[in-house]
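Heads up, the thing below is written out as structure tokens.
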Amino acid sequence: MTREIELLDLWLANVEEADLAAELQAMKSDDKAAIEAFHQDLEFGTAGLRGIIGAGTSRMNVHTVGRATQGFADYLVANFDNPSVVIGRDSRNKGEEFVRRTAEVFAANGVKAYVFPVIVPTPVVSWGVRFLGCAGGVNMTASHNPAPYNGYKAYDPTGCQIATEVADAISEAIANVDTFGGVKRCSFDEALADGRIEWVADEVVDRYLDAVEACSVALEGAASDPLKVVYTPLNGTGLSCVTRILDRVGIRDVTVVPEQAEPDGNFPTCTYPNPETRAALERAIALAEEVHPDLVLATDPDADRVGAAVKDGDDYLLISGNEMGVLLLDYVARQISDANGGASLDDKVAVTTIVSSVMVDAVAAEYGFEVRRVLTGFKYIGGVIAELEAAGHPERFIFGFEESYGYLNGTHVRDKDAVDASMLICQMAQYYRAKGMNLADAIRALYEKHGYYLNNTLSFEYPGVEGGERMKALMEGLRTDAPAEVAGLAVQGTVDYAAGVNGLPPANVIAFELEGNNKLIVRPSGTEPKVKAYLFAKGATRADAEQLLAKLGDAATKLMQ
């Protein structure tokens, strides 16, 4: 507790912002709050920073953001000639304040800062890095986390999230920065006037939308069949770009959920703005019951993930991330094949993760393309795109997805792109609508063709100071005392990715290969205090697969306790 009190006193003596000063003063009589705020530095990793907004070294505030930016600036100046960065933000609280501080620090260090004047989707920032020829980028976002969070997402010159070795170098530079004495900073307005800071022009977003539109694989005449959509941006960044791209491809009957249309970092109608959950889509589904669309779409606050639901009987069915990934992969492959007279796609490459559906392999076998599996994190998918591009064959890439609702079928960005995916999903829905089917019918047809590969992801939270230790102990226990069976299924093999497997970087992931082509994978989140259990079940019928999936869920819950 002594260290935390010393840090608290240091911050009280140096912090000038009224809201932070008041929060710090309250900690003088609240030891628990002081410990939570100062027990560690907010860790900088491949996802940058992410944490709860507030005062202290373990929180997102202008001082932790400034210190991280100084370290990033030191890295860029040491490794690039005349470096520049592009900076964006989503709708989260304090985003504009963090952007200004970041731009001020970069500018003071001789790193030109291009700043988006309004909120933009995460993929637009990735696009902006390459379009503007920058050495890096920063986006203030906490993706789909609850309202108390914000984050600092860092990009490399390719528009991809920074790799481990870069994150380590930046982290080392940050460690050498004194929070209050070592951060260079200039006036935002003065730097704007003299050109060290520059607003990003509207053209950048326009050219991004051009690039997304070019990713369409819909065959001529497909847009003639009308489609009706209910859409919610969940009070985030998606509204403008999603509705504009849909309009461009002829999908104009779009009803936006009114109370979730405008940006609002408090997310007043949805405490957890994650399109993976039904709660996030409830307002959209309620509106859909009134207007009867063909499809419900929801993008998360930074518009890099998208969820969808369709009417199925008396209720709306949420298409899971794995199901949508398989549906889109099959659709993209079919459209490309049909456009080339039914040709095999043996020169094409699709990329997904080690925790995504095994059903991908069945789709690949049908069309003949190669599947590459990478670690969780879209930067690894972006890395494969970069490899293909470096080899002179970016056209080989046809699709990439993560089970956590992230999709991409173009090489225009190096991150998941809900604007691109929203366009593809709607065009795919048009394709099936012309056949008298919706997406629920479509996924059932694929299951009937390839088998019932069902998946589920369970998240187990470990908050607070003790949470990190519990997560560490859990993973160590699974390594030293691995189960012999899970849900009555023998463990036929254990794959520990910590040492690196099949050329992949080391990762804190453990996979248990179970009899009957079933699987359990355990992975701590890199951005939240939780451990995820990925369940893979295959059955002769849907009922068999669902029953096994439930058993695997019960077994995983016991293991996580």
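Ordered as shown in the structure tokens, chains take letters A, B, and onward, while each chain numbers its residues from 1 and ligands are numbered from 1 in the order shown.
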
If we count only C-alpha atoms and set the cut-off at 12 Å, which residues sit around A:Val242, ignoring sequence neighbours fewer than 6 positions away in its own chain? Please answer as a ChimeraX atom specification.
/A:120-121,123-124,205,208-209,212-213,229-233,236,248-249,251-252,254,256,261,297-300,302-306,417-426

Where does stretch 256-325 of chain A meet stretch 134-146 of chain A within 7 Å, residue by residue, with the nearest atom pair and distance in Å to one decimal for each, counting only C-alpha atoms, listed by chain and rising number, as CSV?
residue,atom,partner,partner_atom,distance
A:Thr271,CA,A:Pro146,CA,6.0
A:Tyr272,CA,A:Pro146,CA,4.8
A:Pro273,CA,A:His144,CA,5.3
A:Asn274,CA,A:His144,CA,4.8
A:Asp300,CA,A:His144,CA,5.7
A:Pro301,CA,A:Ser143,CA,6.0
A:Asp302,CA,A:Ser143,CA,5.6

Generate the output file for the selected residues, C-alpha atoms, as a short mmCIF file (atom, residue, chain, number, x, y, z; two decimals), in the first residue's frame.
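File written: again_22.cif
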data_model
loop_
_atom_site.label_atom_id
_atom_site.label_comp_id
_atom_site.auth_asym_id
_atom_site.auth_seq_id
_atom_site.Cartn_x
_atom_site.Cartn_y
_atom_site.Cartn_z
CA THR A 271 -24.84 -1.27 -21.30
CA TYR A 272 -22.66 -3.70 -23.27
CA PRO A 273 -22.54 -2.56 -26.94
CA ASN A 274 -21.34 -5.89 -28.27
CA ASP A 300 -20.15 -2.12 -32.53
CA PRO A 301 -19.06 1.40 -31.43
CA ASP A 302 -15.92 1.52 -33.59
#

Who sits within 9 Å of A:Ala55, only C-alpha atoms, same chain under 5 positions skipped, as a count of residues only:
11

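If you count only C-alpha atoms and ignore residues fewer than 5 places along the chain from A:Phe80, what sits within 12 Å of it is Phe72, Ala73, Asp74, Tyr75, Val85, Gly110, Val111, Cys134, Ala135, Gly136, Asp156 and Pro157 of chain A.
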
For the structure I just gave you, how does DSSP split stretch 136-340 of chain A - specifically, which residues are strand (DSSP E or B)? Reply as a ChimeraX atom specification.
/A:136-140,149-155,161,197-199,228-232,253-256,295-299,306-312,315-319

Go ahead and dump the residues you just picked, N, CA and C atoms, as a short mmCIF file (atom, residue, chain, number, x, y, z; two decimals), in the first residue's frame.
data_model
loop_
_atom_site.label_atom_id
_atom_site.label_comp_id
_atom_site.auth_asym_id
_atom_site.auth_seq_id
_atom_site.Cartn_x
_atom_site.Cartn_y
_atom_site.Cartn_z
N GLY A 136 2.64 5.37 -38.75
CA GLY A 136 1.83 4.69 -37.75
C GLY A 136 0.49 5.37 -37.60
N GLY A 137 -0.27 4.88 -36.68
CA GLY A 137 -1.59 5.44 -36.42
C GLY A 137 -2.05 5.12 -35.03
N VAL A 138 -3.04 5.88 -34.56
CA VAL A 138 -3.63 5.67 -33.24
C VAL A 138 -5.13 5.87 -33.36
N ASN A 139 -5.89 4.95 -32.78
CA ASN A 139 -7.34 5.13 -32.71
C ASN A 139 -7.77 5.01 -31.26
N MET A 140 -8.53 6.00 -30.78
CA MET A 140 -9.05 5.96 -29.42
C MET A 140 -10.35 5.17 -29.44
N TYR A 149 -15.02 2.17 -20.30
CA TYR A 149 -13.73 1.91 -20.92
C TYR A 149 -13.42 2.85 -22.07
N ASN A 150 -12.13 3.06 -22.28
CA ASN A 150 -11.63 3.61 -23.53
C ASN A 150 -10.28 2.95 -23.80
N GLY A 151 -9.72 3.20 -24.97
CA GLY A 151 -8.47 2.54 -25.32
C GLY A 151 -7.67 3.33 -26.33
N TYR A 152 -6.48 2.83 -26.62
CA TYR A 152 -5.50 3.49 -27.47
C TYR A 152 -4.93 2.40 -28.37
N LYS A 153 -5.45 2.32 -29.59
CA LYS A 153 -5.09 1.25 -30.52
C LYS A 153 -4.01 1.75 -31.46
N ALA A 154 -2.87 1.07 -31.52
CA ALA A 154 -1.73 1.54 -32.30
C ALA A 154 -1.56 0.73 -33.58
N TYR A 155 -1.18 1.44 -34.65
CA TYR A 155 -1.00 0.83 -35.97
C TYR A 155 0.42 1.04 -36.49
N GLN A 161 -2.45 -3.54 -36.87
CA GLN A 161 -2.09 -3.35 -35.47
C GLN A 161 -0.64 -3.77 -35.27
N ILE A 197 0.22 19.78 -36.89
CA ILE A 197 -1.03 19.03 -36.81
C ILE A 197 -1.88 19.46 -38.00
N GLU A 198 -2.55 18.49 -38.61
CA GLU A 198 -3.39 18.79 -39.78
C GLU A 198 -4.67 17.97 -39.71
N TRP A 199 -5.80 18.62 -39.98
CA TRP A 199 -7.07 17.89 -40.02
C TRP A 199 -7.09 16.96 -41.25
N LYS A 228 -34.74 -5.19 -47.46
CA LYS A 228 -35.16 -4.28 -46.40
C LYS A 228 -34.34 -4.58 -45.15
N VAL A 229 -33.73 -3.53 -44.58
CA VAL A 229 -32.78 -3.71 -43.48
C VAL A 229 -33.16 -2.81 -42.31
N VAL A 230 -33.05 -3.35 -41.09
CA VAL A 230 -33.04 -2.55 -39.86
C VAL A 230 -31.60 -2.53 -39.37
N TYR A 231 -31.09 -1.33 -39.09
CA TYR A 231 -29.68 -1.19 -38.72
C TYR A 231 -29.52 -0.35 -37.46
N THR A 232 -28.59 -0.78 -36.59
CA THR A 232 -28.22 0.03 -35.43
C THR A 232 -26.71 0.17 -35.34
N ASP A 253 -33.41 0.75 -48.58
CA ASP A 253 -34.52 0.62 -47.63
C ASP A 253 -33.95 0.22 -46.28
N VAL A 254 -33.33 1.20 -45.62
CA VAL A 254 -32.63 0.97 -44.35
C VAL A 254 -33.30 1.80 -43.27
N THR A 255 -33.82 1.14 -42.24
CA THR A 255 -34.43 1.81 -41.10
C THR A 255 -33.45 1.77 -39.93
N VAL A 256 -33.04 2.93 -39.46
CA VAL A 256 -32.06 3.01 -38.38
C VAL A 256 -32.78 3.11 -37.04
N LEU A 295 -33.50 -8.38 -42.84
CA LEU A 295 -32.24 -8.53 -42.12
C LEU A 295 -32.11 -7.45 -41.06
N VAL A 296 -31.54 -7.82 -39.90
CA VAL A 296 -31.17 -6.87 -38.85
C VAL A 296 -29.65 -6.83 -38.75
N LEU A 297 -29.08 -5.62 -38.77
CA LEU A 297 -27.64 -5.45 -38.66
C LEU A 297 -27.30 -4.57 -37.46
N ALA A 298 -26.18 -4.88 -36.79
CA ALA A 298 -25.68 -4.05 -35.69
C ALA A 298 -24.17 -3.99 -35.76
N THR A 299 -23.61 -2.78 -35.77
CA THR A 299 -22.16 -2.63 -35.70
C THR A 299 -21.77 -2.14 -34.32
N VAL A 306 -19.56 -6.66 -36.76
CA VAL A 306 -20.97 -6.55 -37.14
C VAL A 306 -21.68 -7.85 -36.80
N GLY A 307 -22.90 -7.70 -36.25
CA GLY A 307 -23.75 -8.84 -35.96
C GLY A 307 -25.01 -8.76 -36.79
N ALA A 308 -25.68 -9.88 -36.99
CA ALA A 308 -26.89 -9.91 -37.82
C ALA A 308 -27.90 -10.88 -37.23
N ALA A 309 -29.16 -10.58 -37.49
CA ALA A 309 -30.25 -11.45 -37.06
C ALA A 309 -31.31 -11.49 -38.16
N VAL A 310 -32.02 -12.61 -38.24
CA VAL A 310 -33.09 -12.76 -39.23
C VAL A 310 -34.28 -13.44 -38.56
N LYS A 311 -35.45 -13.18 -39.11
CA LYS A 311 -36.66 -13.82 -38.60
C LYS A 311 -36.60 -15.31 -38.86
N ASP A 312 -36.88 -16.09 -37.84
CA ASP A 312 -36.86 -17.54 -37.97
C ASP A 312 -37.98 -18.10 -37.12
N ASP A 315 -39.47 -15.93 -33.81
CA ASP A 315 -38.46 -15.09 -33.16
C ASP A 315 -37.38 -14.73 -34.17
N TYR A 316 -36.43 -13.91 -33.72
CA TYR A 316 -35.28 -13.57 -34.54
C TYR A 316 -34.08 -14.42 -34.13
N LEU A 317 -33.42 -14.99 -35.12
CA LEU A 317 -32.24 -15.81 -34.90
C LEU A 317 -31.00 -14.96 -35.08
N LEU A 318 -30.10 -14.95 -34.08
CA LEU A 318 -28.83 -14.29 -34.20
C LEU A 318 -27.84 -15.23 -34.88
N ILE A 319 -27.26 -14.78 -35.98
CA ILE A 319 -26.25 -15.58 -36.66
C ILE A 319 -24.95 -15.44 -35.89
#

Output as a ChimeraX atom specification all residues of stretch 220-387 of chain A that backbone DSSP marks as alpha helix (DSSP H).
/A:238-248,278-291,321-339,359-367,378-387

Excluding A:Ala490 and residues on its chain fewer than 3 positions from it, collect all residues at most 9 Å away from it, counting only C-alpha atoms, and give them as a PyMOL selection string.
chain A and resi 483-487+493+513-515

Mind checking which residues fall within 6 Å of A:Glu104, counting only C-alpha atoms, ignoring those fewer than 3 positions away in the same chain, and posting them as a list in words?
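Everything that qualifies: Arg101, Ala107, Arg185, Cys186 and Phe188 of chain A.
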
Go ahead and write the residues just picked, C-alpha atoms, as an mmCIF file, in the first residue's frame.
data_model
loop_
_atom_site.group_PDB
_atom_site.id
_atom_site.type_symbol
_atom_site.label_atom_id
_atom_site.label_comp_id
_atom_site.auth_asym_id
_atom_site.auth_seq_id
_atom_site.Cartn_x
_atom_site.Cartn_y
_atom_site.Cartn_z
ATOM 1 C CA ARG A 101 -3.322 15.163 -26.036
ATOM 2 C CA ALA A 107 3.710 17.278 -32.697
ATOM 3 C CA ARG A 185 3.772 18.654 -25.341
ATOM 4 C CA CYS A 186 2.818 21.693 -27.403
ATOM 5 C CA PHE A 188 -2.810 21.976 -30.236
#

Expressed in Å to a single decimal, how great is the separation between atom CA of A:Leu548 and atom CA of A:Met359?
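Spanning atom CA of A:Leu548 to atom CA of A:Met359 is a straight-line distance of 16.6 Å.
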
Rank A:Gly325, A:Val62, A:Ala163, A:Thr158 by their smallest atom-to-atom distance to A:Ala390, using only C-alpha atoms, and report the top residue only.
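So, comparing all the options, the nearest one is A:Thr158.
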